[in-house]
file final_13.txt (compact mmCIF, C-alpha atoms and all ligand atoms)
# COMPACT_ATOMS: atom_id res chain seq x y z
CA MET A 1 113.71 126.14 228.45
CA LEU A 2 116.32 125.19 225.81
CA LYS A 3 118.24 123.29 228.47
CA LYS A 4 115.07 121.36 229.32
CA VAL A 5 114.37 120.59 225.65
CA LEU A 6 117.95 119.39 225.09
CA CYS A 7 117.70 117.24 228.22
CA MET A 8 114.48 115.72 226.94
CA ILE A 9 116.11 114.95 223.60
CA VAL A 10 119.02 113.26 225.34
CA VAL A 11 116.63 111.18 227.45
CA LEU A 12 114.55 110.25 224.42
CA SER A 13 117.60 109.33 222.39
CA LEU A 14 118.74 107.11 225.23
CA ILE A 15 115.36 105.45 225.61
CA MET A 16 114.70 105.10 221.93
CA GLY A 17 118.13 103.88 221.04
CA LEU A 18 119.92 102.03 223.76
CA THR A 19 120.86 99.23 221.42
CA PRO A 20 123.14 100.01 218.48
CA ALA A 21 122.03 98.94 215.02
CA CYS A 22 123.26 95.47 214.24
CA ALA A 23 123.93 93.72 211.02
CA GLN A 24 121.01 91.34 211.52
CA GLU A 25 118.82 92.89 208.88
CA GLN A 26 121.38 95.34 207.51
CA ALA A 27 119.20 98.23 208.53
CA GLN A 28 120.65 101.17 210.39
CA LYS A 29 119.10 103.60 212.78
CA TYR A 30 118.73 107.22 211.72
CA SER A 31 117.09 110.17 213.39
CA LYS A 32 116.03 113.76 212.79
CA VAL A 33 114.73 116.47 215.11
CA TYR A 34 112.45 119.31 214.00
CA PHE A 35 111.90 122.36 216.18
CA ASP A 36 109.23 124.47 214.53
CA LEU A 37 106.06 122.37 214.24
CA PHE A 38 103.07 122.27 216.63
CA ASP A 39 105.05 124.49 219.04
CA SER A 40 106.93 121.32 219.94
CA VAL A 41 110.06 119.36 219.30
CA ILE A 42 109.31 116.52 216.87
CA THR A 43 111.77 113.63 216.71
CA ILE A 44 111.62 110.95 214.04
CA ILE A 45 113.73 107.82 214.43
CA GLY A 46 113.66 104.93 212.00
CA TYR A 47 115.51 101.95 210.60
CA THR A 48 116.34 101.92 206.89
CA THR A 49 119.04 100.28 204.80
CA ASP A 50 120.52 103.62 203.73
CA SER A 51 120.51 107.23 204.82
CA ALA A 52 118.98 108.50 201.56
CA THR A 53 115.83 106.45 202.20
CA PHE A 54 115.61 107.77 205.75
CA ASP A 55 116.13 111.37 204.62
CA ARG A 56 113.41 111.06 201.98
CA VAL A 57 110.88 109.43 204.32
CA ALA A 58 111.64 111.83 207.19
CA GLU A 59 111.24 114.81 204.86
CA GLN A 60 107.84 113.49 203.70
CA ALA A 61 106.79 113.09 207.33
CA ARG A 62 108.03 116.60 208.20
CA ALA A 63 106.16 118.13 205.25
CA ARG A 64 103.01 116.29 206.28
CA PHE A 65 103.36 117.50 209.88
CA GLU A 66 103.88 121.03 208.58
CA HIS A 67 100.69 120.98 206.53
CA LEU A 68 98.67 119.49 209.39
CA HIS A 69 100.17 122.08 211.75
CA GLN A 70 98.91 124.81 209.39
CA LEU A 71 95.45 123.22 209.15
CA PHE A 72 94.99 122.93 212.92
CA ASP A 73 96.62 126.28 213.78
CA GLN A 74 94.26 128.75 215.44
CA TYR A 75 96.74 131.60 215.76
CA HIS A 76 98.02 132.15 212.20
CA GLU A 77 96.75 132.50 208.68
CA TYR A 78 98.46 130.66 205.77
CA GLU A 79 97.87 131.49 202.14
CA GLY A 80 95.35 129.15 200.53
CA VAL A 81 94.68 127.22 203.76
CA ASN A 82 91.25 127.24 205.44
CA ASN A 83 92.45 126.41 208.92
CA VAL A 84 91.11 126.82 212.46
CA TYR A 85 92.10 130.50 212.42
CA ILE A 86 89.92 131.06 209.32
CA ILE A 87 87.04 129.05 210.84
CA ASN A 88 87.18 131.19 214.00
CA ARG A 89 87.22 134.34 211.88
CA ASP A 90 84.74 133.55 209.10
CA ALA A 91 82.58 130.50 209.89
CA CYS A 92 80.02 132.55 211.80
CA VAL A 93 79.35 134.57 208.65
CA GLU A 94 79.29 131.79 206.07
CA PRO A 95 80.20 128.09 205.93
CA VAL A 96 83.94 127.53 205.48
CA ALA A 97 85.04 124.62 203.27
CA VAL A 98 87.91 122.70 204.87
CA GLU A 99 90.24 119.86 203.88
CA ASP A 100 89.38 116.29 204.82
CA GLU A 101 91.84 116.01 207.70
CA LEU A 102 90.39 119.02 209.52
CA PHE A 103 86.81 118.00 208.80
CA SER A 104 87.45 114.45 210.03
CA LEU A 105 89.11 115.72 213.20
CA LEU A 106 86.08 117.90 213.98
CA GLN A 107 83.74 114.96 213.30
CA PHE A 108 85.84 112.73 215.55
CA VAL A 109 85.76 115.17 218.46
CA LYS A 110 82.03 115.86 218.09
CA ARG A 111 81.36 112.13 218.06
CA GLU A 112 83.44 111.48 221.20
CA GLN A 113 82.25 114.52 223.15
CA PRO A 114 79.26 112.86 224.88
CA ARG A 115 81.57 110.26 226.45
CA LEU A 116 84.07 112.77 227.88
CA MET A 117 82.12 113.71 231.02
CA GLY A 118 82.50 117.43 230.31
CA SER A 119 86.30 117.32 230.63
CA VAL A 120 87.36 118.36 227.13
CA ASN A 121 85.53 120.88 224.97
CA ILE A 122 87.11 122.14 221.73
CA ALA A 123 84.50 124.92 221.62
CA MET A 124 85.86 126.59 224.77
CA GLY A 125 88.42 128.54 222.72
CA GLY A 126 87.20 131.82 224.22
CA VAL A 127 88.11 130.76 227.77
CA LEU A 128 91.36 129.16 226.63
CA ALA A 129 92.37 132.29 224.68
CA ILE A 130 92.07 134.39 227.86
CA TRP A 131 94.28 131.99 229.79
CA HIS A 132 96.70 131.87 226.86
CA GLU A 133 97.05 135.65 226.87
CA TYR A 134 97.57 135.93 230.64
CA ARG A 135 100.03 133.02 230.58
CA LEU A 136 102.06 134.66 227.79
CA ILE A 137 102.25 137.97 229.64
CA GLY A 138 103.09 136.22 232.91
CA THR A 139 105.81 134.14 231.26
CA GLU A 140 107.42 137.05 229.47
CA ASP A 141 107.32 139.30 232.53
CA PRO A 142 106.89 137.25 235.73
CA GLN A 143 106.69 140.46 237.82
CA SER A 144 103.42 141.43 236.14
CA ALA A 145 101.89 137.94 236.21
CA VAL A 146 98.26 137.97 237.31
CA LEU A 147 95.25 135.67 237.01
CA PRO A 148 92.54 136.45 234.47
CA PRO A 149 89.47 138.06 236.07
CA ILE A 150 86.89 135.34 236.74
CA GLU A 151 84.12 137.57 235.26
CA ASN A 152 85.95 137.57 231.91
CA LEU A 153 86.26 133.79 232.02
CA LYS A 154 82.58 133.37 232.94
CA GLU A 155 81.51 135.68 230.14
CA ALA A 156 83.58 133.71 227.61
CA ALA A 157 82.20 130.43 229.01
CA LYS A 158 78.67 131.48 228.00
CA HIS A 159 79.78 130.77 224.43
CA GLN A 160 81.20 127.28 224.31
CA SER A 161 78.48 125.01 223.05
CA LEU A 162 79.73 122.36 220.66
CA ASP A 163 76.23 122.39 219.15
CA ALA A 164 77.09 125.78 217.67
CA ILE A 165 79.53 124.02 215.34
CA VAL A 166 77.61 122.70 212.36
CA LEU A 167 79.38 120.23 210.11
CA ASP A 168 78.02 119.69 206.60
CA GLU A 169 79.34 116.30 205.58
CA GLN A 170 78.33 116.56 201.94
CA ASN A 171 80.00 119.91 201.30
CA ARG A 172 82.79 119.45 203.88
CA THR A 173 82.01 122.83 205.43
CA VAL A 174 82.01 124.21 208.97
CA PHE A 175 79.50 126.81 210.12
CA ILE A 176 79.37 128.38 213.60
CA THR A 177 75.94 129.56 214.73
CA ASP A 178 77.26 131.64 217.68
CA PRO A 179 79.80 134.29 216.59
CA ALA A 180 81.42 134.25 220.04
CA VAL A 181 82.25 130.52 219.91
CA GLN A 182 85.94 129.90 219.20
CA LEU A 183 87.55 126.56 218.39
CA ASP A 184 90.74 125.38 220.08
CA LEU A 185 92.00 121.99 218.92
CA GLY A 186 95.10 122.04 221.14
CA ALA A 187 93.89 119.06 223.19
CA VAL A 188 93.84 116.66 220.27
CA ALA A 189 95.46 118.14 217.13
CA LYS A 190 99.04 117.00 217.69
CA GLY A 191 98.09 113.40 218.42
CA TYR A 192 95.64 113.35 215.52
CA ALA A 193 98.37 114.65 213.20
CA ALA A 194 100.92 112.18 214.54
CA GLU A 195 98.47 109.33 213.91
CA LEU A 196 98.01 110.38 210.27
CA VAL A 197 101.78 110.64 209.76
CA ALA A 198 102.38 107.27 211.43
CA LYS A 199 99.75 105.52 209.29
CA GLU A 200 101.54 106.81 206.18
CA LEU A 201 104.96 105.75 207.49
CA GLU A 202 103.67 102.25 208.21
CA LYS A 203 102.70 101.81 204.56
CA GLY A 204 105.93 103.27 203.18
CA ASP A 205 109.64 102.48 203.01
CA MET A 206 110.34 102.89 206.74
CA PRO A 207 107.75 100.88 208.71
CA SER A 208 110.15 100.51 211.67
CA PHE A 209 110.02 103.91 213.37
CA ILE A 210 109.27 105.87 216.51
CA ILE A 211 107.97 109.44 216.46
CA ASN A 212 107.88 111.79 219.41
CA ALA A 213 105.74 114.82 218.66
CA GLY A 214 106.10 116.86 221.84
CA GLY A 215 105.01 114.13 224.22
CA ASN A 216 102.86 112.25 221.69
CA VAL A 217 104.90 109.13 221.00
CA ILE A 218 103.96 106.57 218.34
CA THR A 219 105.84 103.40 217.50
CA GLY A 220 105.72 101.51 214.21
CA SER A 221 106.87 97.95 213.66
CA LYS A 222 109.69 96.61 215.85
CA PRO A 223 113.18 98.13 215.77
CA LEU A 224 115.51 96.31 213.38
CA ASP A 225 118.32 95.79 215.88
CA GLY A 226 117.31 92.55 217.54
CA ARG A 227 114.95 94.04 220.12
CA SER A 228 111.40 92.74 220.08
CA SER A 229 109.81 96.13 220.68
CA TRP A 230 110.31 99.83 221.16
CA SER A 231 110.51 101.29 224.67
CA VAL A 232 108.88 104.59 225.47
CA GLY A 233 109.93 106.38 228.64
CA ILE A 234 107.35 108.37 230.60
CA GLN A 235 109.05 111.48 231.90
CA ASP A 236 108.90 112.20 235.62
CA PRO A 237 107.72 115.81 235.85
CA ARG A 238 109.27 116.17 239.31
CA ASP A 239 112.81 115.92 237.92
CA PRO A 240 113.97 119.46 237.11
CA TYR A 241 116.37 118.09 234.47
CA GLY A 242 113.63 116.10 232.72
CA ALA A 243 115.78 112.98 232.79
CA ALA A 244 114.07 110.73 235.36
CA LEU A 245 111.31 108.37 234.29
CA LEU A 246 108.04 107.42 235.98
CA ASP A 247 108.01 104.17 234.03
CA THR A 248 108.71 102.72 230.58
CA VAL A 249 106.13 101.28 228.17
CA ALA A 250 107.18 98.57 225.70
CA GLY A 251 105.26 98.09 222.48
CA ASN A 252 105.00 98.29 218.70
CA HIS A 253 102.19 100.01 216.76
CA LEU A 254 101.37 101.82 219.96
CA SER A 255 100.75 105.39 221.08
CA VAL A 256 101.87 106.79 224.41
CA VAL A 257 100.63 110.32 224.99
CA THR A 258 101.18 112.51 228.05
CA SER A 259 99.43 115.62 229.32
CA GLY A 260 101.18 117.38 232.17
CA ASP A 261 101.34 120.52 234.25
CA TYR A 262 105.05 120.86 233.46
CA GLN A 263 104.64 121.61 229.75
CA ARG A 264 103.10 125.10 229.70
CA PHE A 265 102.53 127.10 232.84
CA TYR A 266 103.21 130.35 234.65
CA TYR A 267 103.42 131.44 238.26
CA VAL A 268 101.26 133.98 240.11
CA ASP A 269 102.32 134.73 243.70
CA GLY A 270 104.35 131.54 243.76
CA VAL A 271 101.47 129.31 242.62
CA LYS A 272 101.79 127.39 239.36
CA TYR A 273 98.97 127.72 236.79
CA ALA A 274 99.21 125.27 233.90
CA HIS A 275 97.59 125.17 230.46
CA ILE A 276 94.83 122.57 230.86
CA ILE A 277 91.64 124.25 232.03
CA SER A 278 88.75 122.60 233.81
CA PRO A 279 85.48 123.51 232.03
CA ASP A 280 83.76 123.32 235.45
CA THR A 281 85.87 125.77 237.41
CA LEU A 282 87.39 127.64 234.42
CA MET A 283 90.67 127.34 236.35
CA PRO A 284 93.70 125.16 235.56
CA ALA A 285 93.10 121.52 236.48
CA ASP A 286 95.35 120.66 239.43
CA LEU A 287 94.57 117.10 240.47
CA HIS A 288 97.49 115.53 238.61
CA GLN A 289 101.04 116.35 237.61
CA SER A 290 100.80 114.17 234.53
CA VAL A 291 98.56 111.59 232.89
CA THR A 292 99.84 109.24 230.20
CA VAL A 293 97.44 107.39 227.92
CA VAL A 294 98.41 104.22 226.07
CA ALA A 295 96.38 102.86 223.13
CA ALA A 296 96.58 102.13 219.42
CA ASP A 297 95.28 105.49 218.16
CA SER A 298 97.27 108.62 218.93
CA GLY A 299 94.40 111.06 218.29
CA LEU A 300 92.25 109.23 220.81
CA CYS A 301 95.17 109.08 223.27
CA ASP A 302 95.74 112.83 222.95
CA MET A 303 92.09 113.65 223.56
CA LEU A 304 91.87 111.27 226.51
CA SER A 305 95.13 112.41 228.12
CA THR A 306 93.72 115.93 228.34
CA ALA A 307 90.37 114.57 229.54
CA LEU A 308 91.94 112.44 232.29
CA PHE A 309 94.14 115.34 233.33
CA VAL A 310 90.98 117.33 234.09
CA LEU A 311 89.06 114.52 235.82
CA SER A 312 89.73 112.97 239.21
CA TYR A 313 91.36 109.52 239.16
CA GLU A 314 87.99 107.93 240.04
CA ASP A 315 86.09 109.81 237.32
CA GLY A 316 88.92 108.99 234.93
CA LEU A 317 88.50 105.28 235.63
CA ALA A 318 84.76 105.65 235.01
CA LEU A 319 85.49 107.40 231.70
CA LEU A 320 87.90 104.65 230.66
CA LYS A 321 85.22 101.98 231.21
CA GLN A 322 83.89 103.22 227.87
CA TYR A 323 87.31 102.63 226.28
CA PRO A 324 88.39 99.12 227.32
CA ASP A 325 91.41 99.12 224.97
CA VAL A 326 92.85 102.30 226.46
CA GLY A 327 95.21 102.33 229.44
CA ALA A 328 96.48 105.18 231.58
CA LEU A 329 99.13 106.06 234.13
CA TRP A 330 98.69 108.97 236.54
CA LEU A 331 101.12 110.92 238.65
CA THR A 332 98.74 112.69 241.01
CA THR A 333 99.48 116.01 242.66
CA LYS A 334 99.95 114.06 245.90
CA GLY A 335 102.76 112.10 244.21
CA GLU A 336 100.95 108.76 243.81
CA ILE A 337 101.71 106.77 240.65
CA LEU A 338 98.59 104.84 239.59
CA HIS A 339 97.80 102.87 236.47
CA THR A 340 95.03 100.83 234.89
CA GLN A 341 95.48 97.07 234.99
CA ASN A 342 95.33 96.62 231.22
CA ILE A 343 98.75 98.24 230.70
CA ALA A 344 100.52 96.32 233.46
CA PRO A 345 101.96 93.80 230.94
CA LEU A 346 103.60 96.68 229.02
CA LEU A 347 105.29 98.39 231.96
CA LYS A 348 108.93 98.03 232.92
CA SER A 349 107.93 98.40 236.59
CA ASN A 350 106.10 95.13 236.08
CA GLY A 351 109.16 93.38 234.71
CA THR A 352 108.55 93.89 230.99
CA SER A 353 111.55 94.59 228.76
CA ASP A 354 112.10 95.24 225.07
CA GLN A 355 114.42 92.27 224.61
P1 LIG B 1 97.32 118.55 225.90
O1 LIG B 1 98.70 119.06 226.10
O2 LIG B 1 97.15 117.57 224.80
O3 LIG B 1 96.70 118.05 227.17
O4 LIG B 1 96.42 119.78 225.41
C1 LIG B 1 96.45 121.01 226.07
C2 LIG B 1 95.86 122.05 225.18
O5 LIG B 1 94.45 121.76 224.99
C3 LIG B 1 95.89 123.45 225.76
O6 LIG B 1 97.07 124.11 225.39
C4 LIG B 1 94.65 124.09 225.17
O7 LIG B 1 94.92 124.51 223.85
C5 LIG B 1 93.68 122.93 225.10
N1 LIG B 1 92.84 122.74 226.29
C6 LIG B 1 93.13 122.98 227.60
N2 LIG B 1 92.14 122.61 228.40
C7 LIG B 1 91.17 122.13 227.60
C8 LIG B 1 89.87 121.57 227.82
N3 LIG B 1 89.37 121.41 229.03
N4 LIG B 1 89.14 121.20 226.73
C9 LIG B 1 89.63 121.35 225.48
N5 LIG B 1 90.85 121.83 225.21
C10 LIG B 1 91.61 122.21 226.25
MG MG B 2 95.77 116.03 224.65
call {"tool": "encode", "arguments": {"input": "final_13.txt", "output": "C-alpha cells"}}
result
Amino acid sequence: MLKKVLCMIVVLSLIMGLTPACAQEQAQKYSKVYFDLFDSVITIIGYTTDSATFDRVAEQARARFEHLHQLFDQYHEYEGVNNVYIINRDACVEPVAVEDELFSLLQFVKREQPRLMGSVNIAMGGVLAIWHEYRLIGTEDPQSAVLPPIENLKEAAKHQSLDAIVLDEQNRTVFITDPAVQLDLGAVAKGYAAELVAKELEKGDMPSFIINAGGNVITGSKPLDGRSSWSVGIQDPRDPYGAALLDTVAGNHLSVVTSGDYQRFYYVDGVKYAHIISPDTLMPADLHQSVTVVAADSGLCDMLSTALFVLSYEDGLALLKQYPDVGALWLTTKGEILHTQNIAPLLKSNGTSDQ
C-alpha cells in the first residue's frame, strides 16, 4: 500500500512539475504532502515568490481540509463538532444544528439527487456500513474474507430514503425521520471540501496551485513557469505500480476527479469487490475500472464520478446530457477507453499540451 502511495506521489510530482520554475515571474514552485486527512494523501503544489508565503497558505489549506474532514466524518466524534457521526447518532431523536458547509453539502446532494438515475444515494449508509465492515475484515485477514449476507444488505436497504432527511434552512438543522437511515457522504465529501479550499486559495496569496486530494485534482490559475496550463494525469488502474497514465488533461481552474475499483477493495475467492455499491443490486458496481469526470466544480465532479462508476456507459451518457459542461473518461471492465466529445480539446491523446 505504502509503495503504491509513494509511486502515486512520484507520478503526480512528475506530472505536476515537469518544468522547473523559471525566473519569468520570480515565483518558485513549492509543495507539501499531507497523509492524515479524508483517509487520503493530499498534495498541495503552488507558485509563490517565497517559501514563507507558501508555508502559510498551505497550512491554512491543511487546517481547512482538517476541519472539513471532521465535519464530513461519519466514523468519529470530535469535541464541539456536529458532524455526520453526530447526525447519524442523534438526528432521529431531535434536529441537529450543523455548520454551513455541512448543511450546504446536504442541500446540494438533495437537489441533485433526482438527476442521478438512482446511482448515488447518500442515505444508503446502512448498506455501505455493512460492506465497509466486511471489507475491513477481509483486508485485515484475507483468509477469513467473505461477502456480506444478501439478507442483511436487503434489510438495510429498506431504510435509505433521502426523504427521511429533513433540512430546516432557517435553523440550519438536520432531522432524520427514520432512525435506521444512516448518512454516508463518502461519494462527494472530498471533492466538495477540495472545492471550498480551492475557492479560498484562488482569492488568496497563491492563486497558482494544483491540489490532489486522493484522486480529486483541482487546478488554480496557470503555473508560473512559462507553461500555459496545468496537466493532470489520469492514472491507469491496470498498472500495478500506479505509474502509467490513461491520458492527461490540460487546464486551469478545472477539476479532474476519478472513481475507481483500484482504490478500496478486497478479494473473496479470488474475485475483487470494490467500495462503490450499486443501489440496484446492493453489490459492488463492476462495469468500469475507473471513471474520471472533468468540470469546473469539484463537488459536482466527485458526485458524478461515483454516479458514472455505477451506471453503464450508455446510462452515463444519458445522465451527462443533463450536465452539458461536464466531461468524462471511462476505462471499462472490458478495457475500452471512452470519453465524451466535450473534453477532447483538453486531452493529450488528442494532441493537447500544456505549453
Ligand atoms: P468515490 O471514491 O468518490 O467514488 O466514493 C466512494 C465512496 O462513496 C464509498 O467509499 C462510499 O462511502 C460511498 N458510496 C459507495 N457507493 C455509493 C453509492 N451508490 N451512493 C452513495 N455513496 C456511495
Ligand atoms: Mg465521488
call {"tool": "closest_atom_pairs", "arguments": {"input": "final_13.txt", "of": "chain A", "to": "ligand LIG 1 (chain B)", "cutoff": "9 Å", "atoms": "only C-alpha atoms and all ligand atoms", "output": "CSV"}}
result
residue,atom,partner,partner_atom,distance
A:Gly118,CA,B:LIG1,N3,8.0
A:Ser119,CA,B:LIG1,N3,5.4
A:Val120,CA,B:LIG1,N4,3.4
A:Asn121,CA,B:LIG1,N4,4.0
A:Ile122,CA,B:LIG1,C9,4.6
A:Ala123,CA,B:LIG1,C9,7.3
A:Met124,CA,B:LIG1,C9,6.5
A:Gly125,CA,B:LIG1,N5,7.6
A:Leu128,CA,B:LIG1,C4,6.2
A:Ala129,CA,B:LIG1,O7,8.2
A:His132,CA,B:LIG1,O6,7.9
A:Leu183,CA,B:LIG1,N5,8.9
A:Asp184,CA,B:LIG1,O7,5.7
A:Leu185,CA,B:LIG1,O7,6.3
A:Gly186,CA,B:LIG1,O7,3.7
A:Ala187,CA,B:LIG1,O5,3.3
A:Val188,CA,B:LIG1,O2,5.7
A:Ala189,CA,B:LIG1,O2,7.9
A:Lys190,CA,B:LIG1,O2,7.4
A:Gly191,CA,B:LIG1,O2,7.7
A:Gly214,CA,B:LIG1,O1,8.8
A:Gly215,CA,B:LIG1,O1,8.2
A:Asn216,CA,B:LIG1,O2,8.4
A:Val257,CA,B:LIG1,O2,8.0
A:Thr258,CA,B:LIG1,O3,7.2
A:Ser259,CA,B:LIG1,O3,4.2
A:Gly260,CA,B:LIG1,O3,6.7
A:Asp261,CA,B:LIG1,O1,8.7
A:Gln263,CA,B:LIG1,O1,7.4
A:Arg264,CA,B:LIG1,O6,7.5
A:Ala274,CA,B:LIG1,O6,8.9
A:His275,CA,B:LIG1,O6,5.2
A:Ile276,CA,B:LIG1,N2,3.6
A:Ile277,CA,B:LIG1,N2,4.0
A:Ser278,CA,B:LIG1,N3,5.0
A:Pro279,CA,B:LIG1,N3,5.3
A:Asp280,CA,B:LIG1,N3,8.7
A:Leu282,CA,B:LIG1,N3,8.5
A:Pro284,CA,B:LIG1,N2,7.8
A:Ala285,CA,B:LIG1,N2,8.2
A:Val291,CA,B:LIG1,O3,8.8
A:Cys301,CA,B:LIG1,O2,8.9
A:Asp302,CA,B:LIG1,O2,5.3
A:Met303,CA,B:LIG1,O2,6.5
A:Leu304,CA,B:LIG1,O3,8.4
A:Ser305,CA,B:LIG1,O3,5.9
A:Thr306,CA,B:LIG1,O3,3.8
A:Ala307,CA,B:LIG1,N3,6.9
A:Leu308,CA,B:LIG1,O3,9.0
A:Phe309,CA,B:LIG1,O3,7.2
A:Val310,CA,B:LIG1,N3,6.7
call {"tool": "closest_residue", "arguments": {"input": "final_13.txt", "among": "A:Tyr262, A:Gln355, A:Lys29, A:Leu338", "to": "Arg227 (chain A)", "atoms": "all atoms listed in the file"}}
result
A:Gln355
call {"tool": "closest_residue", "arguments": {"input": "final_13.txt", "among": "A:Asp73, A:Ala180, A:Ser290, A:Ala52", "to": "Pro237 (chain A)", "atoms": "all atoms listed in the file"}}
result
A:Ser290
call {"tool": "atom_distance", "arguments": {"input": "final_13.txt", "atom1": "CA of Glu151 (chain A)", "atom2": "CA of Val109 (chain A)"}}
result
28.0 Å
call {"tool": "atom_distance", "arguments": {"input": "final_13.txt", "atom1": "CA of Leu319 (chain A)", "atom2": "CA of Leu300 (chain A)"}}
result
12.9 Å
call {"tool": "residues_around", "arguments": {"input": "final_13.txt", "residues": "region 202-209 of chain A", "least_positions_apart": "6", "cutoff": "6 Å", "atoms": "only C-alpha atoms", "output": "short mmCIF file (atom, residue, chain, number, x, y, z; two decimals) with C-alpha atoms, keeping the file's coordinate frame"}}
result
data_model
loop_
_atom_site.label_atom_id
_atom_site.label_comp_id
_atom_site.auth_asym_id
_atom_site.auth_seq_id
_atom_site.Cartn_x
_atom_site.Cartn_y
_atom_site.Cartn_z
CA ILE A 45 113.73 107.82 214.43
CA GLY A 46 113.66 104.93 212.00
CA TYR A 47 115.51 101.95 210.60
CA THR A 219 105.84 103.40 217.50
CA GLY A 220 105.72 101.51 214.21
CA SER A 221 106.87 97.95 213.66
CA LYS A 222 109.69 96.61 215.85
CA PRO A 223 113.18 98.13 215.77
#
